[in-house]
>>> print(open('work-v1.pdb').read())   # PDB, C-alpha atoms
MODEL        1
ATOM      1  CA  MET A   1     175.803 161.497  60.078
ATOM      2  CA  TYR A   2     175.921 161.257  63.868
ATOM      3  CA  LYS A   3     179.538 162.436  63.798
ATOM      4  CA  PHE A   4     178.524 165.463  61.674
ATOM      5  CA  ILE A   5     175.718 166.306  64.123
ATOM      6  CA  LYS A   6     178.200 166.060  67.001
ATOM      7  CA  ILE A   7     180.875 168.175  65.296
ATOM      8  CA  VAL A   8     178.485 170.987  64.327
ATOM      9  CA  GLY A   9     176.900 170.953  67.784
ATOM     10  CA  LEU A  10     173.391 170.030  66.683
ATOM     11  CA  SER A  11     172.979 167.560  69.522
ATOM     12  CA  ASN A  12     171.771 170.616  71.450
ATOM     13  CA  ILE A  13     168.817 171.651  69.281
ATOM     14  CA  SER A  14     168.080 175.348  69.607
ATOM     15  CA  SER A  15     166.937 177.898  67.032
ATOM     16  CA  ARG A  16     170.328 179.616  67.126
ATOM     17  CA  ASN A  17     172.187 176.366  66.557
ATOM     18  CA  ILE A  18     169.972 175.422  63.613
ATOM     19  CA  ILE A  19     170.405 178.861  62.040
ATOM     20  CA  ARG A  20     174.177 178.680  62.582
ATOM     21  CA  VAL A  21     174.331 175.324  60.790
ATOM     22  CA  ILE A  22     172.107 176.559  57.922
ATOM     23  CA  LEU A  23     174.279 179.672  57.518
ATOM     24  CA  GLY A  24     177.473 177.606  57.778
ATOM     25  CA  LEU A  25     176.323 175.141  55.133
ATOM     26  CA  THR A  26     175.104 177.909  52.798
ATOM     27  CA  PHE A  27     178.340 179.874  53.058
ATOM     28  CA  SER A  28     180.658 176.871  52.789
ATOM     29  CA  ILE A  29     178.835 175.357  49.795
ATOM     30  CA  ALA A  30     178.549 178.706  47.969
ATOM     31  CA  GLY A  31     182.208 179.465  48.719
ATOM     32  CA  LEU A  32     183.392 176.047  47.562
ATOM     33  CA  LEU A  33     181.402 176.194  44.313
ATOM     34  CA  LYS A  34     182.838 179.639  43.567
ATOM     35  CA  LEU A  35     186.329 178.577  44.574
ATOM     36  CA  LEU A  36     186.207 175.752  42.040
ATOM     37  CA  ASN A  37     185.229 178.204  39.279
ATOM     38  CA  ILE A  38     187.067 181.407  40.173
ATOM     39  CA  GLN A  39     187.197 182.563  36.527
ATOM     40  CA  ASP A  40     183.411 182.337  36.186
ATOM     41  CA  PHE A  41     182.977 184.242  39.436
ATOM     42  CA  TYR A  42     185.284 186.971  38.124
ATOM     43  CA  ALA A  43     183.214 187.105  34.917
ATOM     44  CA  SER A  44     179.992 187.484  36.898
ATOM     45  CA  LEU A  45     181.580 190.201  39.085
ATOM     46  CA  GLU A  46     182.384 192.135  35.901
ATOM     47  CA  LEU A  47     178.731 191.942  34.842
ATOM     48  CA  TYR A  48     177.680 193.924  37.929
ATOM     49  CA  GLN A  49     179.356 197.016  36.360
ATOM     50  CA  THR A  50     180.411 198.368  39.734
ATOM     51  CA  GLY A  51     183.113 200.578  38.274
ATOM     52  CA  PHE A  52     185.815 199.110  40.500
ATOM     53  CA  PRO A  53     189.296 198.879  38.943
ATOM     54  CA  ASP A  54     190.000 195.568  37.205
ATOM     55  CA  LEU A  55     192.818 194.608  39.589
ATOM     56  CA  LEU A  56     190.524 195.097  42.611
ATOM     57  CA  LEU A  57     187.850 192.937  40.962
ATOM     58  CA  ARG A  58     190.450 190.234  40.325
ATOM     59  CA  TYR A  59     191.558 190.234  43.976
ATOM     60  CA  MET A  60     187.914 190.226  45.096
ATOM     61  CA  ALA A  61     187.254 187.225  42.841
ATOM     62  CA  ILE A  62     190.310 185.529  44.318
ATOM     63  CA  SER A  63     189.635 186.150  48.007
ATOM     64  CA  LEU A  64     185.810 186.261  48.389
ATOM     65  CA  PRO A  65     185.093 182.563  47.667
ATOM     66  CA  GLY A  66     187.771 181.453  50.125
ATOM     67  CA  LEU A  67     186.473 183.922  52.719
ATOM     68  CA  GLU A  68     182.937 182.595  52.341
ATOM     69  CA  PHE A  69     184.137 178.999  52.543
ATOM     70  CA  ILE A  70     186.257 179.596  55.647
ATOM     71  CA  CYS A  71     183.459 181.566  57.369
ATOM     72  CA  GLY A  72     181.031 178.729  56.625
ATOM     73  CA  VAL A  73     183.352 176.058  57.974
ATOM     74  CA  LEU A  74     184.220 178.086  61.091
ATOM     75  CA  LEU A  75     180.513 178.700  61.741
ATOM     76  CA  LEU A  76     179.872 174.973  61.478
ATOM     77  CA  ILE A  77     182.663 173.932  63.817
ATOM     78  CA  ARG A  78     182.035 176.852  66.233
ATOM     79  CA  ILE A  79     185.461 178.456  66.266
ATOM     80  CA  TRP A  80     185.901 182.223  66.914
ATOM     81  CA  GLN A  81     182.100 182.561  66.950
ATOM     82  CA  ILE A  82     181.709 186.310  67.457
ATOM     83  CA  THR A  83     184.431 187.302  64.988
ATOM     84  CA  VAL A  84     183.095 184.912  62.347
ATOM     85  CA  SER A  85     179.454 185.901  62.824
ATOM     86  CA  VAL A  86     180.360 189.608  62.520
ATOM     87  CA  LEU A  87     182.326 188.822  59.345
ATOM     88  CA  THR A  88     179.371 186.813  58.008
ATOM     89  CA  ALA A  89     177.011 189.710  58.715
ATOM     90  CA  PHE A  90     179.412 192.104  56.948
ATOM     91  CA  LEU A  91     179.650 189.781  53.919
ATOM     92  CA  SER A  92     175.856 189.440  53.775
ATOM     93  CA  PHE A  93     175.518 193.234  53.987
ATOM     94  CA  MET A  94     177.929 193.585  51.047
ATOM     95  CA  PHE A  95     175.861 191.073  49.057
ATOM     96  CA  VAL A  96     172.698 193.073  49.807
ATOM     97  CA  VAL A  97     174.356 196.314  48.634
ATOM     98  CA  ILE A  98     175.849 194.823  45.436
ATOM     99  CA  LEU A  99     172.694 192.901  44.495
ATOM    100  CA  GLY A 100     170.477 195.859  45.441
ATOM    101  CA  GLN A 101     172.353 198.286  43.175
ATOM    102  CA  ALA A 102     172.139 195.781  40.289
ATOM    103  CA  LEU A 103     168.410 195.381  40.912
ATOM    104  CA  VAL A 104     167.808 199.158  41.054
ATOM    105  CA  ARG A 105     169.776 199.678  37.830
ATOM    106  CA  GLY A 106     167.744 196.936  36.160
ATOM    107  CA  LEU A 107     170.719 194.785  35.159
ATOM    108  CA  ASP A 108     169.655 191.525  33.545
ATOM    109  CA  ILE A 109     172.293 189.173  34.952
ATOM    110  CA  ASP A 110     172.639 185.967  36.950
ATOM    111  CA  CYS A 111     173.869 186.601  40.480
ATOM    112  CA  GLY A 112     176.759 184.103  40.295
ATOM    113  CA  CYS A 113     176.211 183.230  43.948
ATOM    114  CA  PHE A 114     176.820 179.513  43.491
ATOM    115  CA  GLY A 115     179.566 179.576  40.882
ATOM    116  CA  LYS A 116     178.853 177.590  37.756
ATOM    117  CA  ALA A 117     175.965 175.611  39.273
ATOM    118  CA  GLU A 118     172.919 175.950  37.040
ATOM    119  CA  LEU A 119     170.237 176.749  39.547
ATOM    120  CA  THR A 120     168.180 178.880  37.108
ATOM    121  CA  TRP A 121     165.492 180.590  39.231
ATOM    122  CA  MET A 122     167.715 180.693  42.324
ATOM    123  CA  GLU A 123     170.305 182.694  40.369
ATOM    124  CA  GLN A 124     167.834 185.415  39.349
ATOM    125  CA  LEU A 125     168.540 188.824  40.867
ATOM    126  CA  PRO A 126     165.294 189.344  42.849
ATOM    127  CA  VAL A 127     165.589 185.867  44.395
ATOM    128  CA  ALA A 128     169.277 186.402  45.142
ATOM    129  CA  PHE A 129     168.495 189.784  46.724
ATOM    130  CA  ALA A 130     165.793 188.261  48.950
ATOM    131  CA  ARG A 131     168.215 185.486  49.899
ATOM    132  CA  ALA A 132     170.934 188.023  50.761
ATOM    133  CA  ILE A 133     168.504 189.916  53.025
ATOM    134  CA  LEU A 134     167.564 186.634  54.705
ATOM    135  CA  LEU A 135     171.256 185.764  55.180
ATOM    136  CA  LEU A 136     171.897 189.225  56.650
ATOM    137  CA  THR A 137     168.996 188.870  59.085
ATOM    138  CA  LEU A 138     170.104 185.405  60.166
ATOM    139  CA  SER A 139     173.739 186.434  60.593
ATOM    140  CA  ILE A 140     172.728 189.471  62.691
ATOM    141  CA  TRP A 141     170.598 187.121  64.780
ATOM    142  CA  ILE A 142     173.456 184.725  65.483
ATOM    143  CA  THR A 143     175.792 187.656  66.180
ATOM    144  CA  ILE A 144     173.367 188.970  68.806
ATOM    145  CA  GLY A 145     173.075 185.433  70.207
ATOM    146  CA  ALA A 146     176.839 185.022  70.380
ATOM    147  CA  VAL A 147     177.230 188.402  72.110
ATOM    148  CA  SER A 148     174.549 187.631  74.696
ATOM    149  CA  GLU A 149     176.204 184.257  75.344
ATOM    150  CA  GLN A 150     179.531 186.053  75.844
ATOM    151  CA  LYS A 151     177.761 188.502  78.142
ATOM    152  CA  GLN A 152     176.447 185.641  80.268
ATOM    153  CA  LEU A 153     179.880 184.034  80.424
ATOM    154  CA  THR A 154     181.746 187.196  81.372
ATOM    155  CA  GLY A 155     178.915 188.651  83.456
ATOM    156  CA  VAL A 156     179.301 192.128  81.883
TER
ATOM    157  CA  MET B   1     175.025 200.661  73.374
ATOM    158  CA  ASN B   2     176.538 198.398  75.986
ATOM    159  CA  ASN B   3     175.982 195.398  73.720
ATOM    160  CA  LEU B   4     177.625 197.172  70.782
ATOM    161  CA  ARG B   5     180.641 197.992  72.938
ATOM    162  CA  LEU B   6     180.823 194.355  74.052
ATOM    163  CA  LEU B   7     180.523 193.231  70.428
ATOM    164  CA  LEU B   8     183.376 195.485  69.321
ATOM    165  CA  ARG B   9     185.473 194.324  72.252
ATOM    166  CA  SER B  10     184.739 190.666  71.467
ATOM    167  CA  VAL B  11     185.786 190.836  67.813
ATOM    168  CA  ARG B  12     189.349 189.580  67.632
ATOM    169  CA  PHE B  13     191.079 191.578  64.920
ATOM    170  CA  ASP B  14     194.058 189.216  64.797
ATOM    171  CA  ASN B  15     191.664 186.340  64.007
ATOM    172  CA  LEU B  16     189.950 188.514  61.419
ATOM    173  CA  LEU B  17     193.256 189.281  59.722
ATOM    174  CA  LEU B  18     194.232 185.608  59.802
ATOM    175  CA  ILE B  19     190.947 184.597  58.127
ATOM    176  CA  LEU B  20     191.419 187.260  55.431
ATOM    177  CA  LEU B  21     195.014 186.191  54.830
ATOM    178  CA  ILE B  22     194.160 182.491  54.614
ATOM    179  CA  SER B  23     191.295 183.163  52.191
ATOM    180  CA  LEU B  24     193.559 185.238  49.967
ATOM    181  CA  ILE B  25     196.256 182.545  49.980
ATOM    182  CA  LEU B  26     193.655 179.833  49.317
ATOM    183  CA  GLY B  27     192.308 181.816  46.349
ATOM    184  CA  LEU B  28     195.807 182.421  44.983
ATOM    185  CA  ILE B  29     196.658 178.710  45.240
ATOM    186  CA  VAL B  30     193.435 177.677  43.467
ATOM    187  CA  ASP B  31     194.018 180.334  40.805
ATOM    188  CA  TRP B  32     197.619 179.213  40.304
ATOM    189  CA  PHE B  33     196.475 175.762  39.205
ATOM    190  CA  HIS B  34     194.282 177.218  36.447
ATOM    191  CA  THR B  35     197.438 177.826  34.418
ATOM    192  CA  ASP B  36     195.758 178.930  31.190
ATOM    193  CA  THR B  37     193.188 181.317  32.700
ATOM    194  CA  ARG B  38     194.898 182.742  35.775
ATOM    195  CA  LEU B  39     193.414 185.951  37.209
ATOM    196  CA  ILE B  40     196.583 186.959  39.050
ATOM    197  CA  PHE B  41     200.037 186.308  37.581
ATOM    198  CA  SER B  42     198.203 185.731  34.312
ATOM    199  CA  ARG B  43     201.244 185.981  32.069
ATOM    200  CA  PRO B  44     202.588 182.507  31.275
ATOM    201  CA  LEU B  45     205.929 181.712  32.837
ATOM    202  CA  PRO B  46     208.847 181.924  30.400
ATOM    203  CA  THR B  47     210.245 178.704  29.036
ATOM    204  CA  PHE B  48     213.927 178.330  28.341
ATOM    205  CA  ASN B  49     215.186 176.216  25.511
ATOM    206  CA  THR B  50     218.749 175.092  25.659
ATOM    207  CA  ILE B  51     220.400 175.233  22.281
ATOM    208  CA  PRO B  52     223.244 172.794  21.936
ATOM    209  CA  SER B  53     226.514 174.521  21.042
ATOM    210  CA  SER B  54     227.081 172.259  18.060
TER
ENDMDL
END
>>> encode(input="work-v1.pdb", output="C-alpha coordinates")
Amino acid sequence: MYKFIKIVGLSNISSRNIIRVILGLTFSIAGLLKLLNIQDFYASLELYQTGFPDLLLRYMAISLPGLEFICGVLLLIRIWQITVSVLTAFLSFMFVVILGQALVRGLDIDCGCFGKAELTWMEQLPVAFARAILLLTLSIWITIGAVSEQKQLTGV
Amino acid sequence: MNNLRLLLRSVRFDNLLLILLISLILGLIVDWFHTDTRLIFSRPLPTFNTIPSS
(Lines of atoms letter the chains of each structure in order from A and count residues from 1; the text may use other names and numbers.)
(Lines give C-alpha, C1' and ligand atoms only; values in the text may rest on other atoms or scores of the structure.)
Protein backbone atom coordinates (compact mmCIF):
# COMPACT_ATOMS: atom_id res chain seq x y z
CA MET A 1 0.00 0.00 0.00
CA TYR A 2 2.83 2.37 0.91
CA LYS A 3 4.55 1.53 -2.38
CA PHE A 4 1.32 2.35 -4.29
CA ILE A 5 1.03 5.69 -2.46
CA LYS A 6 4.66 6.45 -3.34
CA ILE A 7 4.31 5.47 -7.00
CA VAL A 8 1.14 7.52 -7.58
CA GLY A 9 2.63 10.50 -5.74
CA LEU A 10 0.06 10.66 -2.95
CA SER A 11 2.71 11.25 -0.32
CA ASN A 12 2.22 14.91 -1.24
CA ILE A 13 -1.48 15.30 -0.44
CA SER A 14 -3.06 18.08 -2.47
CA SER A 15 -6.50 18.36 -4.06
CA ARG A 16 -5.00 18.06 -7.54
CA ASN A 17 -3.09 14.92 -6.63
CA ILE A 18 -6.16 13.28 -5.10
CA ILE A 19 -8.26 14.13 -8.16
CA ARG A 20 -5.52 12.81 -10.46
CA VAL A 21 -5.46 9.50 -8.59
CA ILE A 22 -9.29 9.24 -8.58
CA LEU A 23 -9.39 9.95 -12.33
CA GLY A 24 -6.51 7.54 -12.97
CA LEU A 25 -8.17 4.73 -11.03
CA THR A 26 -11.57 5.34 -12.66
CA PHE A 27 -10.14 5.36 -16.18
CA SER A 28 -7.82 2.39 -15.69
CA ILE A 29 -10.48 0.21 -14.04
CA ALA A 30 -13.17 1.13 -16.60
CA GLY A 31 -10.70 0.57 -19.45
CA LEU A 32 -9.54 -2.78 -18.09
CA LEU A 33 -13.09 -4.06 -17.55
CA LYS A 34 -14.01 -3.07 -21.11
CA LEU A 35 -10.79 -4.49 -22.50
CA LEU A 36 -11.61 -7.87 -20.98
CA ASN A 37 -15.05 -7.84 -22.64
CA ILE A 38 -14.48 -6.05 -25.95
CA GLN A 39 -17.39 -7.87 -27.64
CA ASP A 40 -19.85 -6.66 -24.99
CA PHE A 41 -18.52 -3.12 -25.34
CA TYR A 42 -19.05 -3.31 -29.10
CA ALA A 43 -22.61 -4.53 -28.49
CA SER A 44 -23.31 -1.62 -26.15
CA LEU A 45 -21.80 0.85 -28.67
CA GLU A 46 -24.27 -0.47 -31.26
CA LEU A 47 -27.16 0.22 -28.89
CA TYR A 48 -26.35 3.95 -28.90
CA GLN A 49 -27.57 4.07 -32.55
CA THR A 50 -25.05 6.73 -33.49
CA GLY A 51 -25.25 5.96 -37.19
CA PHE A 52 -21.50 5.45 -37.50
CA PRO A 53 -20.40 2.81 -40.03
CA ASP A 54 -19.98 -0.67 -38.55
CA LEU A 55 -16.24 -0.82 -39.26
CA LEU A 56 -15.68 2.47 -37.40
CA LEU A 57 -17.68 1.16 -34.43
CA ARG A 58 -15.55 -2.00 -34.42
CA TYR A 59 -12.31 0.01 -34.38
CA MET A 60 -13.73 2.28 -31.67
CA ALA A 61 -14.62 -0.79 -29.59
CA ILE A 62 -11.10 -2.10 -30.15
CA SER A 63 -9.14 1.06 -29.33
CA LEU A 64 -11.23 2.98 -26.74
CA PRO A 65 -10.82 0.54 -23.81
CA GLY A 66 -7.06 0.41 -24.30
CA LEU A 67 -6.92 4.20 -24.60
CA GLU A 68 -8.85 4.62 -21.36
CA PHE A 69 -6.66 2.07 -19.59
CA ILE A 70 -3.41 3.64 -20.78
CA CYS A 71 -4.62 7.17 -19.90
CA GLY A 72 -5.57 5.96 -16.42
CA VAL A 73 -2.23 4.28 -15.82
CA LEU A 74 -0.25 7.26 -17.16
CA LEU A 75 -2.27 9.61 -14.94
CA LEU A 76 -1.48 7.44 -11.94
CA ILE A 77 2.24 7.22 -12.59
CA ARG A 78 2.49 10.89 -13.70
CA ILE A 79 4.01 10.46 -17.14
CA TRP A 80 3.35 13.01 -19.95
CA GLN A 81 0.94 14.82 -17.61
CA ILE A 82 -0.31 17.60 -19.87
CA THR A 83 -0.76 15.40 -22.95
CA VAL A 84 -2.56 12.72 -20.93
CA SER A 85 -4.79 15.16 -19.07
CA VAL A 86 -5.82 16.83 -22.36
CA LEU A 87 -6.57 13.39 -23.82
CA THR A 88 -8.57 12.50 -20.69
CA ALA A 89 -10.57 15.72 -20.99
CA PHE A 90 -11.24 14.98 -24.68
CA LEU A 91 -12.37 11.42 -23.86
CA SER A 92 -14.65 12.70 -21.08
CA PHE A 93 -16.10 15.29 -23.48
CA MET A 94 -16.84 12.51 -26.00
CA PHE A 95 -18.57 10.50 -23.26
CA VAL A 96 -20.70 13.54 -22.37
CA VAL A 97 -21.71 14.03 -26.02
CA ILE A 98 -22.51 10.34 -26.68
CA LEU A 99 -24.38 9.85 -23.39
CA GLY A 100 -26.15 13.21 -23.77
CA GLN A 101 -27.49 12.37 -27.24
CA ALA A 102 -28.74 8.99 -25.96
CA LEU A 103 -30.42 10.72 -23.02
CA VAL A 104 -32.07 13.36 -25.24
CA ARG A 105 -33.34 10.68 -27.64
CA GLY A 106 -34.74 8.73 -24.69
CA LEU A 107 -32.85 5.51 -25.40
CA ASP A 108 -33.44 2.88 -22.74
CA ILE A 109 -29.98 1.30 -22.56
CA ASP A 110 -27.19 0.56 -20.10
CA CYS A 111 -24.19 2.82 -20.62
CA GLY A 112 -21.64 -0.03 -20.85
CA CYS A 113 -19.08 2.13 -19.08
CA PHE A 114 -17.67 -0.69 -16.97
CA GLY A 115 -17.87 -3.56 -19.43
CA LYS A 116 -19.77 -6.58 -18.23
CA ALA A 117 -19.73 -5.55 -14.55
CA GLU A 118 -23.28 -5.59 -13.22
CA LEU A 119 -23.44 -2.29 -11.42
CA THR A 120 -27.19 -1.78 -12.06
CA TRP A 121 -27.95 1.81 -10.99
CA MET A 122 -24.46 3.04 -11.90
CA GLU A 123 -25.00 1.85 -15.48
CA GLN A 124 -28.22 3.85 -15.95
CA LEU A 125 -27.97 6.65 -18.50
CA PRO A 126 -28.73 9.66 -16.24
CA VAL A 127 -26.19 8.47 -13.66
CA ALA A 128 -23.62 7.76 -16.36
CA PHE A 129 -24.22 11.21 -17.88
CA ALA A 130 -23.74 12.92 -14.50
CA ARG A 131 -20.58 10.86 -13.97
CA ALA A 132 -19.25 11.85 -17.41
CA ILE A 133 -19.82 15.55 -16.61
CA LEU A 134 -18.01 15.08 -13.30
CA LEU A 135 -15.11 13.33 -15.08
CA LEU A 136 -14.96 16.16 -17.63
CA THR A 137 -14.87 18.80 -14.90
CA LEU A 138 -12.17 16.96 -12.97
CA SER A 139 -10.04 16.36 -16.06
CA ILE A 140 -10.28 20.05 -17.06
CA TRP A 141 -9.25 20.92 -13.51
CA ILE A 142 -6.14 18.75 -13.61
CA THR A 143 -5.30 20.03 -17.10
CA ILE A 144 -5.41 23.61 -15.82
CA GLY A 145 -3.30 22.53 -12.83
CA ALA A 146 -0.74 20.83 -15.04
CA VAL A 147 -0.52 23.89 -17.31
CA SER A 148 -0.05 26.29 -14.40
CA GLU A 149 2.65 23.98 -13.00
CA GLN A 150 4.37 24.02 -16.41
CA LYS A 151 4.01 27.80 -16.44
CA GLN A 152 5.76 28.05 -13.08
CA LEU A 153 8.55 25.75 -14.23
CA THR A 154 9.19 27.53 -17.51
CA GLY A 155 8.40 31.01 -16.17
CA VAL A 156 6.26 31.89 -19.22
CA MET B 1 -5.47 33.11 -24.19
CA ASN B 2 -1.88 32.87 -23.05
CA ASN B 3 -2.71 29.75 -21.05
CA LEU B 4 -4.43 28.16 -24.05
CA ARG B 5 -1.38 28.85 -26.20
CA LEU B 6 0.85 27.32 -23.52
CA LEU B 7 -1.48 24.31 -23.31
CA LEU B 8 -1.35 23.74 -27.06
CA ARG B 9 2.42 24.15 -27.03
CA SER B 10 2.76 21.70 -24.12
CA VAL B 11 0.76 18.89 -25.74
CA ARG B 12 3.26 16.52 -27.31
CA PHE B 13 1.66 15.18 -30.47
CA ASP B 14 4.25 12.42 -30.85
CA ASN B 15 3.30 11.14 -27.37
CA LEU B 16 -0.37 11.43 -28.30
CA LEU B 17 0.17 9.37 -31.45
CA LEU B 18 2.16 6.78 -29.50
CA ILE B 19 -0.64 6.41 -26.93
CA LEU B 20 -3.23 6.00 -29.71
CA LEU B 21 -1.08 3.45 -31.52
CA ILE B 22 -0.39 1.41 -28.38
CA SER B 23 -4.09 1.38 -27.44
CA LEU B 24 -5.04 0.19 -30.91
CA ILE B 25 -2.40 -2.56 -30.84
CA LEU B 26 -3.46 -3.57 -27.31
CA GLY B 27 -7.09 -3.81 -28.44
CA LEU B 28 -6.15 -5.83 -31.53
CA ILE B 29 -4.09 -8.26 -29.43
CA VAL B 30 -6.92 -8.75 -26.91
CA ASP B 31 -9.42 -9.17 -29.75
CA TRP B 32 -7.17 -11.70 -31.51
CA PHE B 33 -7.37 -14.06 -28.54
CA HIS B 34 -11.18 -14.12 -28.68
CA THR B 35 -10.92 -16.44 -31.68
CA ASP B 36 -14.62 -17.25 -32.02
CA THR B 37 -15.99 -13.71 -31.64
CA ARG B 38 -13.31 -11.48 -33.13
CA LEU B 39 -14.38 -7.94 -34.08
CA ILE B 40 -11.52 -7.40 -36.53
CA PHE B 41 -10.22 -10.23 -38.73
CA SER B 42 -13.43 -12.03 -37.79
CA ARG B 43 -13.25 -14.66 -40.51
CA PRO B 44 -11.72 -17.87 -39.14
CA LEU B 45 -8.30 -18.69 -40.50
CA PRO B 46 -8.32 -21.42 -43.15
CA THR B 47 -7.25 -24.89 -42.12
CA PHE B 48 -5.37 -27.12 -44.50
CA ASN B 49 -5.82 -30.84 -44.47
CA THR B 50 -3.14 -32.91 -46.05
CA ILE B 51 -4.57 -35.79 -48.00
CA PRO B 52 -2.19 -38.70 -48.28
CA SER B 53 -1.46 -39.61 -51.90
CA SER B 54 -2.39 -43.24 -51.33
>>> atom_distance(input="work-v1.pdb", atom1="CA of Glu46 in chain A", atom2="CA of Leu17 in chain B")
26.3 Å
>>> closest_residue(input="work-v1.pdb", among="B:Ser53, B:Leu26, B:Asp31, B:Leu16", to="Leu74 in chain A", atoms="all atoms listed in the file")
B:Leu16
>>> interface_residues(input="work-v1.pdb", of="chain B", to="chain A", cutoff="6 Å", atoms="only C-alpha atoms", output="PyMOL selection string")
chain B and resi 11+23-24+27
>>> resolve_selection(input="work-v1.pdb", expression="the PyMOL selection byres ((chain A and resi 20) around 10)", output="short mmCIF file (atom, residue, chain, number, x, y, z; two decimals) with C-alpha atoms, in the coordinates of the input")
data_model
loop_
_atom_site.label_atom_id
_atom_site.label_comp_id
_atom_site.auth_asym_id
_atom_site.auth_seq_id
_atom_site.Cartn_x
_atom_site.Cartn_y
_atom_site.Cartn_z
CA VAL A 8 178.48 170.99 64.33
CA GLY A 9 176.90 170.95 67.78
CA LEU A 10 173.39 170.03 66.68
CA SER A 14 168.08 175.35 69.61
CA SER A 15 166.94 177.90 67.03
CA ARG A 16 170.33 179.62 67.13
CA ASN A 17 172.19 176.37 66.56
CA ILE A 18 169.97 175.42 63.61
CA ILE A 19 170.40 178.86 62.04
CA VAL A 21 174.33 175.32 60.79
CA ILE A 22 172.11 176.56 57.92
CA LEU A 23 174.28 179.67 57.52
CA GLY A 24 177.47 177.61 57.78
CA LEU A 25 176.32 175.14 55.13
CA THR A 26 175.10 177.91 52.80
CA GLY A 72 181.03 178.73 56.62
CA LEU A 75 180.51 178.70 61.74
CA LEU A 76 179.87 174.97 61.48
CA ILE A 77 182.66 173.93 63.82
CA ARG A 78 182.04 176.85 66.23
CA GLN A 81 182.10 182.56 66.95
CA SER A 85 179.45 185.90 62.82
CA LEU A 138 170.10 185.40 60.17
CA SER A 139 173.74 186.43 60.59
CA TRP A 141 170.60 187.12 64.78
CA ILE A 142 173.46 184.72 65.48
CA THR A 143 175.79 187.66 66.18
#
>>> residues_around(input="work-v1.pdb", residues="range 125-136 of chain A", least_positions_apart="2", cutoff="12 Å", atoms="all atoms listed in the file", output="number ranges by chain")
A: 19-20, 22-27, 48, 85-114, 119-123, 138-143
>>> closest_residue(input="work-v1.pdb", among="A:Asn12, A:Thr154, A:Gln124, A:Ser28", to="Val73 in chain A", atoms="only C-alpha atoms")
A:Ser28
>>> atom_distance(input="work-v1.pdb", atom1="CA of His34 in chain B", atom2="CA of Pro53 in chain A")
22.4 Å
>>> atom_distance(input="work-v1.pdb", atom1="CA of Asp54 in chain A", atom2="CA of Leu28 in chain B")
16.3 Å
